[in-house]
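Structure data (mmCIF, N, CA, C and O atoms) from structure36.cif:
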data_start
loop_
_atom_site.label_atom_id
_atom_site.label_comp_id
_atom_site.auth_asym_id
_atom_site.auth_seq_id
_atom_site.Cartn_x
_atom_site.Cartn_y
_atom_site.Cartn_z
N MET A 934 61.99 -81.80 180.78
CA MET A 934 61.51 -83.00 181.43
C MET A 934 62.67 -83.64 182.19
O MET A 934 63.76 -83.79 181.67
N LYS A 935 62.41 -84.01 183.43
CA LYS A 935 63.43 -84.65 184.24
C LYS A 935 63.50 -86.13 183.95
O LYS A 935 62.49 -86.77 183.69
N THR A 936 64.70 -86.66 184.02
CA THR A 936 64.89 -88.10 183.88
C THR A 936 64.61 -88.75 185.22
O THR A 936 65.06 -88.25 186.25
N PRO A 937 63.85 -89.84 185.25
CA PRO A 937 63.59 -90.50 186.53
C PRO A 937 64.88 -90.96 187.18
O PRO A 937 65.83 -91.36 186.50
N ASP A 938 64.91 -90.90 188.51
CA ASP A 938 66.09 -91.32 189.26
C ASP A 938 66.09 -92.84 189.35
O ASP A 938 65.46 -93.43 190.21
N VAL A 939 66.79 -93.47 188.44
CA VAL A 939 66.85 -94.92 188.37
C VAL A 939 68.23 -95.37 188.82
O VAL A 939 69.23 -94.86 188.35
N LYS A 940 68.25 -96.34 189.73
CA LYS A 940 69.54 -96.89 190.15
C LYS A 940 70.00 -97.87 189.09
O LYS A 940 69.31 -98.81 188.76
N VAL A 941 71.18 -97.63 188.57
CA VAL A 941 71.76 -98.54 187.61
C VAL A 941 72.64 -99.50 188.38
O VAL A 941 73.58 -99.09 189.06
N LEU A 942 72.30 -100.78 188.31
CA LEU A 942 73.06 -101.79 189.02
C LEU A 942 74.01 -102.51 188.07
O LEU A 942 73.66 -102.78 186.93
N VAL A 943 75.18 -102.82 188.58
CA VAL A 943 76.19 -103.54 187.81
C VAL A 943 76.15 -104.99 188.29
O VAL A 943 76.42 -105.26 189.46
N PRO A 944 75.81 -105.93 187.41
CA PRO A 944 75.70 -107.34 187.83
C PRO A 944 77.08 -107.98 188.03
O PRO A 944 78.10 -107.50 187.55
N LEU A 945 77.08 -109.09 188.75
CA LEU A 945 78.31 -109.81 189.05
C LEU A 945 79.07 -110.20 187.78
O LEU A 945 80.29 -110.12 187.75
N LYS A 946 78.34 -110.57 186.75
CA LYS A 946 79.00 -110.97 185.49
C LYS A 946 79.89 -109.84 184.96
O LYS A 946 81.03 -110.07 184.55
N LYS A 947 79.39 -108.63 184.99
CA LYS A 947 80.16 -107.47 184.51
C LYS A 947 81.32 -107.16 185.46
O LYS A 947 82.43 -106.86 185.02
N VAL A 948 81.06 -107.25 186.77
CA VAL A 948 82.11 -107.01 187.76
C VAL A 948 83.26 -108.00 187.55
O VAL A 948 84.43 -107.63 187.56
N CYS A 949 82.91 -109.27 187.33
CA CYS A 949 83.93 -110.30 187.13
C CYS A 949 84.70 -110.08 185.83
O CYS A 949 85.90 -110.31 185.78
N ALA A 950 84.01 -109.62 184.80
CA ALA A 950 84.69 -109.34 183.54
C ALA A 950 85.71 -108.21 183.73
O ALA A 950 86.83 -108.28 183.23
N LEU A 951 85.33 -107.19 184.49
CA LEU A 951 86.24 -106.07 184.74
C LEU A 951 87.42 -106.49 185.61
O LEU A 951 88.54 -106.02 185.42
N ALA A 952 87.16 -107.40 186.56
CA ALA A 952 88.22 -107.86 187.45
C ALA A 952 89.01 -109.02 186.86
O ALA A 952 90.00 -109.45 187.43
N GLU A 953 88.54 -109.54 185.72
CA GLU A 953 89.15 -110.69 185.06
C GLU A 953 89.21 -111.90 186.00
O GLU A 953 90.26 -112.51 186.19
N ILE A 954 88.05 -112.20 186.59
CA ILE A 954 87.93 -113.29 187.56
C ILE A 954 86.74 -114.17 187.18
O ILE A 954 85.72 -113.66 186.73
N ASP A 955 86.87 -115.46 187.39
CA ASP A 955 85.78 -116.39 187.15
C ASP A 955 84.64 -116.10 188.13
O ASP A 955 84.87 -116.01 189.34
N PRO A 956 83.41 -115.94 187.65
CA PRO A 956 82.28 -115.64 188.54
C PRO A 956 82.09 -116.67 189.66
O PRO A 956 81.71 -116.31 190.77
N LYS A 957 82.39 -117.92 189.40
CA LYS A 957 82.25 -118.94 190.43
C LYS A 957 83.20 -118.65 191.61
O LYS A 957 82.81 -118.74 192.77
N LEU A 958 84.45 -118.31 191.31
CA LEU A 958 85.40 -117.97 192.36
C LEU A 958 85.00 -116.69 193.08
O LEU A 958 85.15 -116.58 194.30
N ALA A 959 84.50 -115.73 192.32
CA ALA A 959 84.08 -114.47 192.92
C ALA A 959 82.93 -114.68 193.90
O ALA A 959 82.95 -114.15 195.02
N ARG A 960 81.93 -115.46 193.50
CA ARG A 960 80.79 -115.73 194.40
C ARG A 960 81.26 -116.43 195.67
O ARG A 960 80.81 -116.09 196.77
N ARG A 961 82.14 -117.40 195.53
CA ARG A 961 82.66 -118.12 196.69
C ARG A 961 83.33 -117.15 197.67
O ARG A 961 83.10 -117.20 198.88
N PHE A 962 84.16 -116.26 197.14
CA PHE A 962 84.84 -115.27 197.98
C PHE A 962 83.83 -114.30 198.59
O PHE A 962 83.88 -114.01 199.80
N LEU A 963 82.92 -113.79 197.78
CA LEU A 963 81.97 -112.77 198.25
C LEU A 963 81.03 -113.31 199.32
O LEU A 963 80.64 -112.57 200.23
N ARG A 964 80.64 -114.57 199.23
CA ARG A 964 79.76 -115.15 200.25
C ARG A 964 80.38 -115.06 201.64
O ARG A 964 79.68 -114.92 202.63
N GLU A 965 81.69 -115.18 201.71
CA GLU A 965 82.40 -115.14 202.98
C GLU A 965 82.66 -113.71 203.47
O GLU A 965 82.76 -113.48 204.67
N LYS A 966 82.77 -112.75 202.56
CA LYS A 966 83.23 -111.41 202.91
C LYS A 966 82.20 -110.30 202.81
O LYS A 966 82.33 -109.27 203.45
N VAL A 967 81.19 -110.47 201.94
CA VAL A 967 80.28 -109.37 201.63
C VAL A 967 78.84 -109.86 201.70
O VAL A 967 78.53 -110.96 201.24
N GLN A 968 77.98 -109.04 202.27
CA GLN A 968 76.56 -109.38 202.29
C GLN A 968 75.99 -109.12 200.90
O GLN A 968 76.25 -108.09 200.29
N ARG A 969 75.20 -110.07 200.40
CA ARG A 969 74.62 -109.92 199.08
C ARG A 969 73.60 -108.78 199.11
O ARG A 969 72.67 -108.79 199.91
N PRO A 970 73.76 -107.79 198.25
CA PRO A 970 72.86 -106.63 198.26
C PRO A 970 71.51 -106.94 197.61
O PRO A 970 71.46 -107.30 196.44
N GLY A 971 70.46 -106.86 198.36
CA GLY A 971 69.12 -106.99 197.80
C GLY A 971 68.78 -108.34 197.20
O GLY A 971 67.93 -108.42 196.32
N GLY A 972 69.42 -109.39 197.60
CA GLY A 972 69.06 -110.71 197.12
C GLY A 972 69.71 -111.13 195.81
O GLY A 972 69.48 -112.22 195.33
N ARG A 973 70.47 -110.25 195.19
CA ARG A 973 71.19 -110.63 193.97
C ARG A 973 72.55 -109.97 193.96
O ARG A 973 72.77 -108.97 194.63
N TRP A 974 73.44 -110.55 193.21
CA TRP A 974 74.80 -110.02 193.15
C TRP A 974 74.85 -108.89 192.12
O TRP A 974 75.23 -109.09 190.97
N ALA A 975 74.47 -107.69 192.54
CA ALA A 975 74.52 -106.50 191.69
C ALA A 975 74.66 -105.29 192.60
O ALA A 975 74.07 -105.24 193.68
N TRP A 976 75.46 -104.32 192.17
CA TRP A 976 75.76 -103.16 192.99
C TRP A 976 75.59 -101.87 192.19
O TRP A 976 75.77 -101.87 190.97
N PRO A 977 75.33 -100.75 192.89
CA PRO A 977 75.40 -99.44 192.21
C PRO A 977 76.81 -99.24 191.68
O PRO A 977 77.77 -99.84 192.17
N GLN A 978 76.96 -98.38 190.69
CA GLN A 978 78.24 -98.25 190.00
C GLN A 978 79.42 -97.94 190.93
O GLN A 978 80.48 -98.53 190.79
N LYS A 979 79.24 -97.04 191.88
CA LYS A 979 80.36 -96.69 192.78
C LYS A 979 80.77 -97.90 193.63
O LYS A 979 81.95 -98.16 193.81
N ARG A 980 79.80 -98.60 194.15
CA ARG A 980 80.09 -99.77 194.99
C ARG A 980 80.70 -100.89 194.13
O ARG A 980 81.58 -101.62 194.58
N ALA A 981 80.23 -101.01 192.89
CA ALA A 981 80.76 -102.05 192.00
C ALA A 981 82.25 -101.84 191.74
O ALA A 981 83.02 -102.80 191.70
N ALA A 982 82.66 -100.59 191.61
CA ALA A 982 84.08 -100.30 191.40
C ALA A 982 84.91 -100.77 192.59
O ALA A 982 85.99 -101.33 192.43
N ALA A 983 84.38 -100.60 193.79
CA ALA A 983 85.08 -101.06 194.99
C ALA A 983 85.15 -102.59 195.03
O ALA A 983 86.16 -103.17 195.43
N ILE A 984 84.07 -103.25 194.60
CA ILE A 984 84.04 -104.71 194.57
C ILE A 984 85.05 -105.23 193.55
O ILE A 984 85.74 -106.22 193.80
N VAL A 985 85.15 -104.57 192.40
CA VAL A 985 86.13 -104.96 191.38
C VAL A 985 87.53 -104.92 191.97
O VAL A 985 88.32 -105.87 191.83
N GLU A 986 87.86 -103.84 192.65
CA GLU A 986 89.19 -103.70 193.24
C GLU A 986 89.43 -104.75 194.33
O GLU A 986 90.51 -105.32 194.41
N LEU A 987 88.41 -105.02 195.13
CA LEU A 987 88.52 -106.04 196.17
C LEU A 987 88.80 -107.41 195.56
O LEU A 987 89.69 -108.14 196.00
N LEU A 988 88.06 -107.75 194.51
CA LEU A 988 88.25 -109.04 193.86
C LEU A 988 89.63 -109.14 193.21
O LEU A 988 90.29 -110.18 193.30
N ARG A 989 90.07 -108.07 192.58
CA ARG A 989 91.41 -108.08 191.96
C ARG A 989 92.48 -108.32 193.02
O ARG A 989 93.42 -109.09 192.81
N LYS A 990 92.33 -107.66 194.15
CA LYS A 990 93.34 -107.75 195.20
C LYS A 990 93.31 -109.10 195.90
O LYS A 990 94.36 -109.71 196.13
N GLU A 991 92.12 -109.59 196.25
CA GLU A 991 91.99 -110.77 197.08
C GLU A 991 91.92 -112.09 196.31
O GLU A 991 92.38 -113.10 196.79
N VAL A 992 91.31 -112.07 195.13
CA VAL A 992 91.09 -113.31 194.39
C VAL A 992 92.00 -113.40 193.18
O VAL A 992 92.55 -114.44 192.88
N GLY A 993 92.14 -112.29 192.49
CA GLY A 993 92.91 -112.29 191.24
C GLY A 993 94.37 -111.99 191.46
O GLY A 993 94.88 -112.08 192.58
N ASN A 994 95.02 -111.65 190.40
CA ASN A 994 96.44 -111.30 190.46
C ASN A 994 96.59 -109.80 190.64
O ASN A 994 97.01 -109.09 189.75
N GLY A 995 96.20 -109.32 191.82
CA GLY A 995 96.26 -107.90 192.10
C GLY A 995 97.69 -107.43 192.29
O GLY A 995 98.63 -108.20 192.25
N PRO A 996 97.84 -106.13 192.51
CA PRO A 996 99.19 -105.59 192.73
C PRO A 996 99.83 -106.22 193.95
O PRO A 996 99.19 -106.42 194.97
N GLU A 997 101.08 -106.54 193.84
CA GLU A 997 101.78 -107.22 194.94
C GLU A 997 102.95 -106.40 195.42
O GLU A 997 103.47 -105.59 194.78
#
Kindly transcribe the structure held in the file into structure tokens.
Amino acid sequence: MKTPDVKVLVPLKKVCALAEIDPKLARRFLREKVQRPGGRWAWPQKRAAAIVELLRKEVGNGPE
């Protein structure tokens, strides 16, 4: 039996936890830089990883 092809979305809360960033700050930054996908702040896993790195670099204490 095949498993249905379900898109697993990573919500902003989880992205912020991974990036160690306050969700309020992340939303403020994302509103200016990224279009909200599908009406809510959630991304497929690959895209979420890119968002985590973007937030770490731009909002958090990323590598300098």
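Counting from atom N of Glu965 (chain A), the distance to CA of Val941 (chain A) is 24.0 Å.
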Got a sec: who's within 8 Å of Val948 (chain A), counting all atoms listed in the file, leaving out chain neighbours fewer than 3 positions off, as a ChimeraX atom specification?
/A:943-945,951-954,956,974,981-982,984-986,988-989
From atom N of Lys940 (chain A) to atom N of Arg960 (chain A) the spacing works out at 23.8 Å
So how many Å separate atom N of Lys947 (chain A) and atom O of Trp976 (chain A), to one decimal?
9.7 Å
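For the residues A:Gly993, A:Arg980, A:Leu987, A:Ala950, ranking by smallest atom-to-atom distance to Leu963 (chain A) using only C-alpha atoms places A:Leu987 first.
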In chain A, what's alpha helix (DSSP H) per DSSP? Answer as a short mmCIF file (atom, residue, chain, number, x, y, z; two decimals) with N, CA, C and O atoms, keeping the file's coordinate frame?
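Dumped everything to part_31.cif:
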data_model
loop_
_atom_site.label_atom_id
_atom_site.label_comp_id
_atom_site.auth_asym_id
_atom_site.auth_seq_id
_atom_site.Cartn_x
_atom_site.Cartn_y
_atom_site.Cartn_z
N LEU A 945 77.08 -109.09 188.75
CA LEU A 945 78.31 -109.81 189.05
C LEU A 945 79.07 -110.20 187.78
O LEU A 945 80.29 -110.12 187.75
N LYS A 946 78.34 -110.57 186.75
CA LYS A 946 79.00 -110.97 185.49
C LYS A 946 79.89 -109.84 184.96
O LYS A 946 81.03 -110.07 184.55
N LYS A 947 79.39 -108.63 184.99
CA LYS A 947 80.16 -107.47 184.51
C LYS A 947 81.32 -107.16 185.46
O LYS A 947 82.43 -106.86 185.02
N VAL A 948 81.06 -107.25 186.77
CA VAL A 948 82.11 -107.01 187.76
C VAL A 948 83.26 -108.00 187.55
O VAL A 948 84.43 -107.63 187.56
N CYS A 949 82.91 -109.27 187.33
CA CYS A 949 83.93 -110.30 187.13
C CYS A 949 84.70 -110.08 185.83
O CYS A 949 85.90 -110.31 185.78
N ALA A 950 84.01 -109.62 184.80
CA ALA A 950 84.69 -109.34 183.54
C ALA A 950 85.71 -108.21 183.73
O ALA A 950 86.83 -108.28 183.23
N LEU A 951 85.33 -107.19 184.49
CA LEU A 951 86.24 -106.07 184.74
C LEU A 951 87.42 -106.49 185.61
O LEU A 951 88.54 -106.02 185.42
N ALA A 952 87.16 -107.40 186.56
CA ALA A 952 88.22 -107.86 187.45
C ALA A 952 89.01 -109.02 186.86
O ALA A 952 90.00 -109.45 187.43
N PRO A 956 83.41 -115.94 187.65
CA PRO A 956 82.28 -115.64 188.54
C PRO A 956 82.09 -116.67 189.66
O PRO A 956 81.71 -116.31 190.77
N LYS A 957 82.39 -117.92 189.40
CA LYS A 957 82.25 -118.94 190.43
C LYS A 957 83.20 -118.65 191.61
O LYS A 957 82.81 -118.74 192.77
N LEU A 958 84.45 -118.31 191.31
CA LEU A 958 85.40 -117.97 192.36
C LEU A 958 85.00 -116.69 193.08
O LEU A 958 85.15 -116.58 194.30
N ALA A 959 84.50 -115.73 192.32
CA ALA A 959 84.08 -114.47 192.92
C ALA A 959 82.93 -114.68 193.90
O ALA A 959 82.95 -114.15 195.02
N ARG A 960 81.93 -115.46 193.50
CA ARG A 960 80.79 -115.73 194.40
C ARG A 960 81.26 -116.43 195.67
O ARG A 960 80.81 -116.09 196.77
N ARG A 961 82.14 -117.40 195.53
CA ARG A 961 82.66 -118.12 196.69
C ARG A 961 83.33 -117.15 197.67
O ARG A 961 83.10 -117.20 198.88
N PHE A 962 84.16 -116.26 197.14
CA PHE A 962 84.84 -115.27 197.98
C PHE A 962 83.83 -114.30 198.59
O PHE A 962 83.88 -114.01 199.80
N LEU A 963 82.92 -113.79 197.78
CA LEU A 963 81.97 -112.77 198.25
C LEU A 963 81.03 -113.31 199.32
O LEU A 963 80.64 -112.57 200.23
N ARG A 964 80.64 -114.57 199.23
CA ARG A 964 79.76 -115.15 200.25
C ARG A 964 80.38 -115.06 201.64
O ARG A 964 79.68 -114.92 202.63
N GLU A 965 81.69 -115.18 201.71
CA GLU A 965 82.40 -115.14 202.98
C GLU A 965 82.66 -113.71 203.47
O GLU A 965 82.76 -113.48 204.67
N LYS A 966 82.77 -112.75 202.56
CA LYS A 966 83.23 -111.41 202.91
C LYS A 966 82.20 -110.30 202.81
O LYS A 966 82.33 -109.27 203.45
N GLN A 978 76.96 -98.38 190.69
CA GLN A 978 78.24 -98.25 190.00
C GLN A 978 79.42 -97.94 190.93
O GLN A 978 80.48 -98.53 190.79
N LYS A 979 79.24 -97.04 191.88
CA LYS A 979 80.36 -96.69 192.78
C LYS A 979 80.77 -97.90 193.63
O LYS A 979 81.95 -98.16 193.81
N ARG A 980 79.80 -98.60 194.15
CA ARG A 980 80.09 -99.77 194.99
C ARG A 980 80.70 -100.89 194.13
O ARG A 980 81.58 -101.62 194.58
N ALA A 981 80.23 -101.01 192.89
CA ALA A 981 80.76 -102.05 192.00
C ALA A 981 82.25 -101.84 191.74
O ALA A 981 83.02 -102.80 191.70
N ALA A 982 82.66 -100.59 191.61
CA ALA A 982 84.08 -100.30 191.40
C ALA A 982 84.91 -100.77 192.59
O ALA A 982 85.99 -101.33 192.43
N ALA A 983 84.38 -100.60 193.79
CA ALA A 983 85.08 -101.06 194.99
C ALA A 983 85.15 -102.59 195.03
O ALA A 983 86.16 -103.17 195.43
N ILE A 984 84.07 -103.25 194.60
CA ILE A 984 84.04 -104.71 194.57
C ILE A 984 85.05 -105.23 193.55
O ILE A 984 85.74 -106.22 193.80
N VAL A 985 85.15 -104.57 192.40
CA VAL A 985 86.13 -104.96 191.38
C VAL A 985 87.53 -104.92 191.97
O VAL A 985 88.32 -105.87 191.83
N GLU A 986 87.86 -103.84 192.65
CA GLU A 986 89.19 -103.70 193.24
C GLU A 986 89.43 -104.75 194.33
O GLU A 986 90.51 -105.32 194.41
N LEU A 987 88.41 -105.02 195.13
CA LEU A 987 88.52 -106.04 196.17
C LEU A 987 88.80 -107.41 195.56
O LEU A 987 89.69 -108.14 196.00
N LEU A 988 88.06 -107.75 194.51
CA LEU A 988 88.25 -109.04 193.86
C LEU A 988 89.63 -109.14 193.21
O LEU A 988 90.29 -110.18 193.30
N ARG A 989 90.07 -108.07 192.58
CA ARG A 989 91.41 -108.08 191.96
C ARG A 989 92.48 -108.32 193.02
O ARG A 989 93.42 -109.09 192.81
N LYS A 990 92.33 -107.66 194.15
CA LYS A 990 93.34 -107.75 195.20
C LYS A 990 93.31 -109.10 195.90
O LYS A 990 94.36 -109.71 196.13
N GLU A 991 92.12 -109.59 196.25
CA GLU A 991 91.99 -110.77 197.08
C GLU A 991 91.92 -112.09 196.31
O GLU A 991 92.38 -113.10 196.79
#
Selected residue of minimal separation from Leu942 (chain A) among A:Ala959, A:Val992, A:Pro977, A:Gln968, counting only N, CA, C and O atoms
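Of A:Ala959, A:Val992, A:Pro977, A:Gln968, the one nearest Leu942 (chain A), counting only N, CA, C and O atoms, is A:Pro977.
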Could you give me the residues within chain A that DSSP places in strand (DSSP E or B), as number ranges by chain?
A: 942-944, 975-977
